[in-house]
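Shown here: final-v6.cif, mmCIF, C-alpha atoms.
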data_structure
#
loop_
_atom_site.label_atom_id
_atom_site.label_comp_id
_atom_site.auth_asym_id
_atom_site.auth_seq_id
_atom_site.Cartn_x
_atom_site.Cartn_y
_atom_site.Cartn_z
CA MET A 628 0.00 0.00 0.00
CA HIS A 629 1.54 3.29 -1.08
CA SER A 630 -0.73 5.71 0.71
CA ILE A 631 -3.57 5.84 3.18
CA LYS A 632 -5.93 8.80 3.00
CA TYR A 633 -8.44 9.57 5.70
CA SER A 634 -10.71 12.42 6.51
CA LYS A 635 -12.17 13.98 9.62
CA SER A 636 -15.79 14.47 8.68
CA VAL A 637 -17.84 17.52 9.56
CA TYR A 638 -21.27 16.25 8.47
CA TYR A 639 -21.79 18.26 5.31
CA ILE A 640 -21.19 17.32 1.68
CA ILE A 641 -17.56 18.05 0.93
CA LEU A 642 -15.95 15.58 -1.46
CA TYR A 643 -12.28 15.26 -2.40
CA LEU A 644 -10.52 13.35 -5.19
CA VAL A 645 -7.31 11.85 -3.80
CA ASP A 646 -4.09 10.34 -5.11
CA HIS A 647 -0.65 9.53 -3.65
CA ASN A 648 0.28 13.23 -3.62
CA THR A 649 -2.75 14.40 -1.63
CA ASP A 650 -1.69 16.21 1.52
CA ARG A 651 -3.71 14.92 4.47
CA SER A 652 -4.22 18.46 5.75
CA VAL A 653 -6.60 19.24 2.86
CA LEU A 654 -8.85 16.36 3.95
CA GLU A 655 -9.92 18.02 7.21
CA GLY A 656 -13.70 18.33 7.07
CA VAL A 657 -14.14 16.14 4.00
CA ASP A 658 -17.11 13.75 4.01
CA ALA A 659 -16.27 11.66 0.94
CA LEU A 660 -13.09 10.49 -0.72
CA VAL A 661 -12.76 9.16 -4.28
CA SER A 662 -9.65 7.65 -5.87
CA SER A 663 -8.58 5.87 -9.02
CA THR A 664 -4.95 5.61 -7.89
CA ALA A 665 -3.73 2.04 -7.35
CA GLY A 666 -2.10 1.45 -3.99
CA THR A 667 -4.44 3.83 -2.16
CA ALA A 668 -6.52 3.14 0.94
CA LEU A 669 -9.41 5.42 1.86
CA VAL A 670 -10.57 5.61 5.49
CA ILE A 671 -13.78 7.06 6.88
CA HIS A 672 -14.29 7.25 10.66
CA THR A 673 -17.80 6.80 12.03
CA ALA A 674 -19.68 6.34 15.30
CA ASP A 675 -23.39 5.98 14.36
CA CYS A 676 -23.25 7.67 10.93
CA VAL A 677 -23.36 5.39 7.90
CA PRO A 678 -20.03 4.49 6.31
CA VAL A 679 -20.64 3.94 2.60
CA MET A 680 -17.84 2.14 0.79
CA LEU A 681 -18.11 2.01 -3.01
CA ALA A 682 -16.07 0.35 -5.75
CA ASP A 683 -16.06 -0.28 -9.47
CA PRO A 684 -13.28 -2.89 -9.59
CA ASP A 685 -13.35 -3.02 -13.41
CA ALA A 686 -12.69 0.71 -13.69
CA GLY A 687 -10.35 0.82 -10.71
CA VAL A 688 -12.33 3.50 -8.88
CA ILE A 689 -13.08 3.45 -5.15
CA ALA A 690 -14.83 5.79 -2.75
CA ALA A 691 -15.61 6.14 0.93
CA ALA A 692 -18.43 8.39 2.12
CA HIS A 693 -19.40 9.43 5.63
CA ALA A 694 -23.18 9.78 5.62
CA GLY A 695 -24.54 11.32 8.77
CA TRP A 696 -28.07 12.67 8.62
CA ARG A 697 -26.94 16.04 7.27
CA GLY A 698 -24.77 14.51 4.55
CA ALA A 699 -27.39 11.91 3.68
CA ALA A 700 -30.11 14.55 3.41
CA ALA A 701 -27.84 16.81 1.35
CA GLY A 702 -26.91 14.09 -1.15
CA ILE A 703 -23.33 13.12 -0.26
CA VAL A 704 -23.86 9.67 -1.76
CA SER A 705 -25.13 11.04 -5.09
CA ARG A 706 -22.21 13.46 -5.26
CA THR A 707 -19.83 10.59 -4.59
CA LEU A 708 -21.40 8.52 -7.37
CA GLU A 709 -21.14 11.45 -9.79
CA GLU A 710 -17.42 11.83 -9.08
CA MET A 711 -16.86 8.08 -9.45
CA VAL A 712 -18.51 8.19 -12.88
CA ARG A 713 -16.33 11.17 -13.84
CA GLN A 714 -13.34 8.98 -12.94
CA GLY A 715 -14.53 6.16 -15.23
CA ALA A 716 -16.84 4.07 -13.06
CA ALA A 717 -20.14 2.75 -14.40
CA LEU A 718 -23.19 2.88 -12.12
CA GLU A 719 -24.28 -0.64 -13.07
CA ARG A 720 -20.89 -2.05 -11.94
CA ILE A 721 -20.56 -0.15 -8.66
CA LEU A 722 -20.56 -2.35 -5.56
CA VAL A 723 -21.59 -0.78 -2.25
CA ALA A 724 -21.14 -1.88 1.35
CA MET A 725 -22.66 0.10 4.18
CA GLY A 726 -20.96 -0.55 7.50
CA PRO A 727 -22.36 -0.65 11.02
CA CYS A 728 -24.40 2.43 11.90
CA ILE A 729 -27.28 3.49 14.11
CA CYS A 730 -30.48 1.58 13.34
CA MET A 731 -33.90 3.11 12.83
CA ASP A 732 -35.11 1.99 16.27
CA CYS A 733 -32.26 3.92 17.94
CA PHE A 734 -32.21 6.97 15.66
CA GLU A 735 -34.80 9.28 17.21
CA VAL A 736 -34.85 12.72 15.61
CA GLY A 737 -36.86 15.92 15.61
CA ASP A 738 -39.58 16.66 13.07
CA GLU A 739 -37.23 19.10 11.28
CA VAL A 740 -34.74 16.27 10.60
CA ALA A 741 -37.40 13.69 9.68
CA ALA A 742 -38.87 16.14 7.15
CA GLN A 743 -35.63 15.94 5.12
CA PHE A 744 -36.08 12.23 4.36
CA PRO A 745 -38.56 10.27 2.25
CA GLU A 746 -41.59 9.27 4.34
CA GLU A 747 -40.82 5.60 3.56
CA CYS A 748 -37.65 6.00 5.65
CA VAL A 749 -39.38 7.63 8.63
CA THR A 750 -41.36 5.87 11.35
CA ARG A 751 -43.73 8.00 13.37
CA TYR A 752 -45.06 6.95 16.75
CA GLU A 753 -48.01 8.41 18.62
CA GLY A 754 -46.71 10.75 21.32
CA ARG A 755 -43.03 10.18 20.45
CA ARG A 756 -40.46 11.74 18.19
CA PRO A 757 -39.95 10.25 14.71
CA HIS A 758 -37.23 7.74 13.86
CA VAL A 759 -35.23 7.71 10.60
CA ASP A 760 -33.73 4.72 8.82
CA LEU A 761 -30.52 6.19 7.37
CA GLY A 762 -29.52 2.92 5.70
CA ALA A 763 -32.85 2.73 3.86
CA ALA A 764 -32.58 6.37 2.78
CA ILE A 765 -29.11 5.78 1.36
CA PHE A 766 -30.27 2.57 -0.35
CA ARG A 767 -33.08 4.54 -2.04
CA GLU A 768 -30.60 7.20 -3.16
CA LEU A 769 -28.18 4.61 -4.56
CA THR A 770 -30.80 2.69 -6.50
CA ALA A 771 -32.49 5.87 -7.77
CA ALA A 772 -29.11 6.91 -9.17
CA GLY A 773 -28.72 3.61 -11.04
CA VAL A 774 -26.81 1.29 -8.71
CA ALA A 775 -28.28 -2.23 -8.86
CA ALA A 776 -30.10 -3.20 -5.65
CA ASP A 777 -28.27 -6.54 -5.65
CA ASN A 778 -24.97 -4.64 -5.56
CA VAL A 779 -25.77 -2.95 -2.23
CA ALA A 780 -24.99 -4.52 1.15
CA MET A 781 -27.06 -2.93 3.90
CA PRO A 782 -25.67 -2.06 7.34
CA PRO A 783 -25.05 -5.35 9.18
CA GLU A 784 -25.49 -4.17 12.78
CA CYS A 785 -26.47 -1.20 14.90
CA THR A 786 -23.66 0.70 16.58
CA ARG A 787 -25.83 1.85 19.49
CA CYS A 788 -27.32 -1.62 20.13
CA ASN A 789 -23.88 -3.25 20.27
CA PRO A 790 -21.67 -1.23 22.66
CA GLU A 791 -19.39 -4.22 23.22
CA ARG A 792 -18.45 -4.19 19.51
CA PHE A 793 -18.83 -0.61 18.27
CA PHE A 794 -18.43 3.00 19.30
CA SER A 795 -21.68 4.96 19.37
CA ALA A 796 -21.88 8.72 19.78
CA ARG A 797 -25.55 8.36 20.80
CA ARG A 798 -24.66 5.90 23.55
CA LEU A 799 -21.23 7.18 24.65
CA GLY A 800 -21.32 10.88 23.70
CA VAL A 801 -19.68 12.77 20.87
CA GLU A 802 -16.21 12.18 22.34
CA SER A 803 -16.61 8.41 21.92
CA GLY A 804 -14.10 6.50 19.84
CA ARG A 805 -14.59 6.00 16.12
CA ILE A 806 -14.79 3.02 13.80
CA ALA A 807 -12.28 3.03 10.95
CA ASN A 808 -13.92 1.90 7.69
CA VAL A 809 -11.37 1.14 4.98
CA ILE A 810 -11.47 0.46 1.25
CA THR A 811 -8.33 -0.16 -0.78
CA LEU A 812 -7.44 -0.10 -4.43
CA LYS A 813 -4.71 -2.68 -4.75
CA GLU A 814 -1.94 -2.47 -7.31
CA ALA A 815 -2.89 -5.44 -9.45
CA ASP A 816 -6.30 -6.87 -8.73
CA GLY A 817 -8.90 -4.19 -8.21
CA ALA A 818 -10.67 -2.89 -5.13
CA ARG A 819 -11.07 -4.60 -1.77
CA MET A 820 -13.72 -3.70 0.78
CA ARG A 821 -13.23 -4.53 4.45
CA ARG A 822 -14.95 -3.53 7.65
#

Please go through the file and, once you have read it, give me the structure as structure tokens.
Amino acid sequence: MHSIKYSKSVYYIILYLVDHNTDRSVLEGVDALVSSTAGTALVIHTADCVPVMLADPDAGVIAAAHAGWRGAAAGIVSRTLEEMVRQGAALERILVAMGPCICMDCFEVGDEVAAQFPEECVTRYEGRRPHVDLGAAIFRELTAAGVAADNVAMPPECTRCNPERFFSARRLGVESGRIANVITLKEADGARMRR
């Protein structure tokens, strides 16, 4: 591996195209990374937000997006897909893995946040605040953009429900640790996704 690039997300929709020469200091506040440079690893840190790892192994293009509710609502995943296509990826070949994140049952939000998501991704309870399914919202965005549903792996577990395995800002506070989500573009044989 020639270079590892990681960002410290700020929950907006800033995207950066990286290569071996990218100075890490420019990645402060970046929510998505895209690369077509072999020997590069992209890292996104999360603790309840959805890590979205994307790859078109045939084109040699990878991406890592940090999708908190603000980024998800603002279209960080669509912007990431657009940049991947500009780098030579094809939507029908893109593979996506969402990592552990907060589940809908644990993600209680205010009405102002719920209003930013499709109603199909919001559960409303009598006398309680609404809950949002971030994974479902991102899945809808991916498939609406042209990614095949069969090419999308949904979040496997909830970060808040599993404190023995994952950091959760909702459970532990914003100063909790973070999960490193990594995708690499190897020299010879295409992209690798690992959690």

Tell me, as a PyMOL selection string, which residues lie within 6 Å of stretch 723-725 of chain A, counting all atoms listed in the file; anything in the same chain fewer than 6 positions away does not count. chain A and resi 678-681+779-782

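Restricting the calculation to all atoms listed in the file, the smallest distance between A:Gly698 and any of A:Arg713, A:Ile765, A:Glu739, A:Cys733 is found for A:Ile765.
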
Any chance you could work out the residue set of the PyMOL selection byres ((chain A and resi 743-751) around 12) here, as a ChimeraX atom specification? /A:696-702,730-742,752-768

Put those residues in a file: C-alpha atoms, as a short mmCIF file (atom, residue, chain, number, x, y, z; two decimals), keeping the file's coordinate frame.
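Below is the file that was written, part.cif:
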data_model
loop_
_atom_site.label_atom_id
_atom_site.label_comp_id
_atom_site.auth_asym_id
_atom_site.auth_seq_id
_atom_site.Cartn_x
_atom_site.Cartn_y
_atom_site.Cartn_z
CA TRP A 696 -28.07 12.67 8.62
CA ARG A 697 -26.94 16.04 7.27
CA GLY A 698 -24.77 14.51 4.55
CA ALA A 699 -27.39 11.91 3.68
CA ALA A 700 -30.11 14.55 3.41
CA ALA A 701 -27.84 16.81 1.35
CA GLY A 702 -26.91 14.09 -1.15
CA CYS A 730 -30.48 1.58 13.34
CA MET A 731 -33.90 3.11 12.83
CA ASP A 732 -35.11 1.99 16.27
CA CYS A 733 -32.26 3.92 17.94
CA PHE A 734 -32.21 6.97 15.66
CA GLU A 735 -34.80 9.28 17.21
CA VAL A 736 -34.85 12.72 15.61
CA GLY A 737 -36.86 15.92 15.61
CA ASP A 738 -39.58 16.66 13.07
CA GLU A 739 -37.23 19.10 11.28
CA VAL A 740 -34.74 16.27 10.60
CA ALA A 741 -37.40 13.69 9.68
CA ALA A 742 -38.87 16.14 7.15
CA TYR A 752 -45.06 6.95 16.75
CA GLU A 753 -48.01 8.41 18.62
CA GLY A 754 -46.71 10.75 21.32
CA ARG A 755 -43.03 10.18 20.45
CA ARG A 756 -40.46 11.74 18.19
CA PRO A 757 -39.95 10.25 14.71
CA HIS A 758 -37.23 7.74 13.86
CA VAL A 759 -35.23 7.71 10.60
CA ASP A 760 -33.73 4.72 8.82
CA LEU A 761 -30.52 6.19 7.37
CA GLY A 762 -29.52 2.92 5.70
CA ALA A 763 -32.85 2.73 3.86
CA ALA A 764 -32.58 6.37 2.78
CA ILE A 765 -29.11 5.78 1.36
CA PHE A 766 -30.27 2.57 -0.35
CA ARG A 767 -33.08 4.54 -2.04
CA GLU A 768 -30.60 7.20 -3.16
#

Box time for stretch 655-664 of chain A: axis-aligned, enclosing all its listed atoms, 6 Å extra on each side; report centre and edge lengths in Å to one decimal, as lines of an AutoDock Vina configuration file.
center_x = -11.0
center_y = 12.0
center_z = -0.9
size_x = 24.2
size_y = 24.7
size_z = 28.2

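Going from atom CA of A:His672 to atom CA of A:Ile806 covers 5.3 Å.
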
Nearest to A:Gly773, restricted to all atoms listed in the file and choosing among A:Ile810, A:Ile721, A:Ala682, A:Cys788, comes out as A:Ile721

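The closest residue to A:Ala775, picked from A:Ala686, A:Ala717, A:Leu669, A:Val809 and counting all atoms listed in the file, is A:Ala717.
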
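Atom CA of A:Gly666 is positioned 4.9 Å from atom CA of A:Lys813.
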
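Put simply, the PyMOL selection byres ((chain A and resi 673) around 8) on this file hits A:Ile671, A:His672, A:Ala674, A:Asp675, A:Cys676, A:Val677, A:Pro678, A:His693, A:Cys728, A:Arg805, A:Ile806, A:Ala807, A:Asn808.
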
Report the distance between atom CA of A:Glu791 and atom CA of A:Ala690 in Å, rounded to one decimal place. 28.2 Å
